[in-house]
Amino acid sequence: MKKIQLLALSALFTSLFTQAASHHKLVFINQYDTNQDWSLSLIEFNKARESRFNVTDENNDGFVDESEYVFEYKNRMDNQLTKDRQGQIKQTIIRFNALDKNENARIDLIEYQGSGERTFTYFDTNNDGVISEGDPAPKRRAKKTTKTLTALEQQEAQIKKLPRAKRVLNMPTTHSFKGLLTKYDANDDKTITPEEIAIVRQAIWDLADENNDGSISEQEYLYEFEDRMDIQIAKTRKSAVKQTYVRFGILDKDKNGKMTLAEYQASGHRSFNRFDTDNDKLVTLGEAMPKSYAKKKDKKKVKKQDVASNTSY
């Protein structure tokens, strides 16, 4: 497949690896809630953490060294990336069908560029011919009024969000201004013109239309996206593994190259206490969310703290 072109184009689709979803309470509870009742007690949490520590300690010497720590993380991350990839493929097929306006199982260039034109019109809310931070946020479609949900219904609604919350693969999206910049702002001037969108989409089109017949089949559309997705997966994995080495260094308090169960549990307790906002030794979905760490003046300190308390690893 047109790899040289693809590698050159891929710079337009680089997105930063986002912080792992374990900081999301939904995921935090899910990964340690062994009886699956969506209520995580401190006792249950400690047992689950100890079990994970023992699994990670492959040579059963009572310690987790750096290689064991990284290896266990890689396995879990690769399993999640596989699920994320499958989910992205399903969404790609949905996008293909949405673009195929005449439903002939092929996308022509007019249909494909038409999607880009609609995106530009939607985000250029002040009609000045460019998309920029100065554009007011587009109006979202009004949500249908619904009845007041019970506590159980609210919990069920949260649980449905779990697959998205666990996702670690993030592809550039056209659903936000930041995503548009990542995908279309080729000259890095923080604005997007219709011409920029058309140029990038033409480049993608040329890559996808492998047989040069002037239209794109579902398979061609999927192949082109898979190429970009696999590049993003490799970048995501490389960045995440690098951070895993950093986390081990922070968790290994005595810097002897071996993490004890006590050191491992101390990290977990920081996260548990953060989510246990009512201090009852129980973390539930209905419990108030913790306050954000974020303060600009403490940015450096906060970043280190977040890495240390990322209990998904």
# chains A, B, ... in the order shown; residues from 1 in each chain; ligands from 1
call {"tool": "closest_atom_pairs", "arguments": {"of": "region 24-107 of chain A", "to": "region 153-173 of chain A", "cutoff": "9 Å", "atoms": "only C-alpha atoms", "output": "tab-separated table"}}
result
residue	atom	partner	partner_atom	distance
A:His24	CA	A:Ala165	CA	7.1
A:Leu26	CA	A:Leu162	CA	6.6
A:Val27	CA	A:Lys166	CA	6.3
A:Asn30	CA	A:Leu162	CA	8.4
A:Trp38	CA	A:Gln155	CA	8.8
A:Met77	CA	A:Val168	CA	8.1
A:Gln80	CA	A:Arg167	CA	7.0
A:Leu81	CA	A:Leu169	CA	6.4
A:Lys83	CA	A:Arg167	CA	8.3
A:Asp84	CA	A:Arg167	CA	6.1
A:Arg85	CA	A:Leu169	CA	7.7
A:Gln88	CA	A:Met171	CA	8.7
call {"tool": "write_last_selection", "arguments": {"atoms": "N, CA, C and O atoms", "output": "PDB file, in the first residue's frame"}}
result
ATOM      1  N   HIS A  24     -10.438   7.574  35.851  1.00  0.00           N
ATOM      2  CA  HIS A  24     -11.887   7.647  35.772  1.00  0.00           C
ATOM      3  C   HIS A  24     -12.446   6.675  36.807  1.00  0.00           C
ATOM      4  O   HIS A  24     -12.089   5.497  36.826  1.00  0.00           O
ATOM      5  N   LEU A  26     -15.157   5.105  37.142  1.00  0.00           N
ATOM      6  CA  LEU A  26     -15.823   3.936  36.579  1.00  0.00           C
ATOM      7  C   LEU A  26     -14.817   2.814  36.324  1.00  0.00           C
ATOM      8  O   LEU A  26     -15.057   1.646  36.658  1.00  0.00           O
ATOM      9  N   VAL A  27     -13.687   3.157  35.735  1.00  0.00           N
ATOM     10  CA  VAL A  27     -12.659   2.167  35.425  1.00  0.00           C
ATOM     11  C   VAL A  27     -11.956   1.718  36.698  1.00  0.00           C
ATOM     12  O   VAL A  27     -11.638   0.540  36.871  1.00  0.00           O
ATOM     13  N   ASN A  30     -14.140  -0.812  38.373  1.00  0.00           N
ATOM     14  CA  ASN A  30     -14.269  -2.012  37.555  1.00  0.00           C
ATOM     15  C   ASN A  30     -13.058  -2.934  37.649  1.00  0.00           C
ATOM     16  O   ASN A  30     -13.201  -4.153  37.706  1.00  0.00           O
ATOM     17  N   TRP A  38     -20.260  -3.155  41.763  1.00  0.00           N
ATOM     18  CA  TRP A  38     -20.014  -1.726  41.555  1.00  0.00           C
ATOM     19  C   TRP A  38     -19.921  -0.962  42.871  1.00  0.00           C
ATOM     20  O   TRP A  38     -20.255   0.210  42.951  1.00  0.00           O
ATOM     21  N   MET A  77      -2.092  -3.714  28.392  1.00  0.00           N
ATOM     22  CA  MET A  77      -2.286  -2.657  27.407  1.00  0.00           C
ATOM     23  C   MET A  77      -2.559  -3.235  26.021  1.00  0.00           C
ATOM     24  O   MET A  77      -3.444  -2.760  25.293  1.00  0.00           O
ATOM     25  N   GLN A  80      -6.062  -4.383  25.681  1.00  0.00           N
ATOM     26  CA  GLN A  80      -6.986  -3.266  25.523  1.00  0.00           C
ATOM     27  C   GLN A  80      -6.872  -2.642  24.141  1.00  0.00           C
ATOM     28  O   GLN A  80      -7.875  -2.272  23.522  1.00  0.00           O
ATOM     29  N   LEU A  81      -5.649  -2.516  23.630  1.00  0.00           N
ATOM     30  CA  LEU A  81      -5.457  -1.953  22.288  1.00  0.00           C
ATOM     31  C   LEU A  81      -6.122  -2.830  21.227  1.00  0.00           C
ATOM     32  O   LEU A  81      -6.646  -2.321  20.238  1.00  0.00           O
ATOM     33  N   LYS A  83      -8.855  -4.608  21.674  1.00  0.00           N
ATOM     34  CA  LYS A  83     -10.283  -4.285  21.767  1.00  0.00           C
ATOM     35  C   LYS A  83     -10.573  -2.919  21.144  1.00  0.00           C
ATOM     36  O   LYS A  83     -11.577  -2.748  20.440  1.00  0.00           O
ATOM     37  N   ASP A  84      -9.702  -1.952  21.418  1.00  0.00           N
ATOM     38  CA  ASP A  84      -9.898  -0.614  20.860  1.00  0.00           C
ATOM     39  C   ASP A  84      -9.845  -0.640  19.341  1.00  0.00           C
ATOM     40  O   ASP A  84     -10.623   0.038  18.664  1.00  0.00           O
ATOM     41  N   ARG A  85      -8.926  -1.435  18.803  1.00  0.00           N
ATOM     42  CA  ARG A  85      -8.790  -1.530  17.347  1.00  0.00           C
ATOM     43  C   ARG A  85     -10.066  -2.103  16.728  1.00  0.00           C
ATOM     44  O   ARG A  85     -10.555  -1.618  15.706  1.00  0.00           O
ATOM     45  N   GLN A  88     -12.734   0.535  16.725  1.00  0.00           N
ATOM     46  CA  GLN A  88     -12.499   1.545  15.694  1.00  0.00           C
ATOM     47  C   GLN A  88     -12.896   1.025  14.310  1.00  0.00           C
ATOM     48  O   GLN A  88     -13.431   1.776  13.489  1.00  0.00           O
TER      49      GLN A  88
END
call {"tool": "residues_around", "arguments": {"residues": "region 193-209 of chain A", "least_positions_apart": "3", "cutoff": "6 Å", "atoms": "only C-alpha atoms", "output": "list in words"}}
result
Val130, Tyr184, Asn212, Ile216, Glu220, Tyr221 and Glu224 of chain A
call {"tool": "atom_distance", "arguments": {"atom1": "CA of Phe45 (chain A)", "atom2": "CA of Tyr32 (chain A)"}}
result
5.8 Å
call {"tool": "residues_around", "arguments": {"residues": "region 274-285 of chain A", "least_positions_apart": "3", "cutoff": "6 Å", "atoms": "only C-alpha atoms", "output": "PyMOL selection string"}}
result
chain A and resi 39-42+271+290
call {"tool": "atom_distance", "arguments": {"atom1": "CA of Tyr73 (chain A)", "atom2": "CA of Phe53 (chain A)"}}
result
11.5 Å
call {"tool": "select_by_dssp", "arguments": {"residues": "region 94-293 of chain A", "states": "alpha helix (DSSP H)", "output": "PyMOL selection string"}}
result
chain A and resi 94-99+109-123+151-159+162-166+177-184+194-208+218-251+261-275
call {"tool": "atom_distance", "arguments": {"atom1": "CA of Arg140 (chain A)", "atom2": "CA of Thr119 (chain A)"}}
result
13.4 Å
call {"tool": "residues_around", "arguments": {"residues": "region 250-264 of chain A", "least_positions_apart": "3", "cutoff": "8 Å", "atoms": "only C-alpha atoms", "output": "PyMOL selection string"}}
result
chain A and resi 50+53+62-66+246-247+267-268+308
call {"tool": "residues_around", "arguments": {"residues": "Phe177 (chain A)", "least_positions_apart": "5", "cutoff": "10 Å", "atoms": "only C-alpha atoms", "output": "PyMOL selection string"}}
result
chain A and resi 123+131-133+135+137+182-183+190-192
call {"tool": "closest_residue", "arguments": {"among": "A:Gln31, A:Asn75, A:Asn54, A:Thr82", "to": "Ile233 (chain A)", "atoms": "only C-alpha atoms"}}
result
A:Thr82
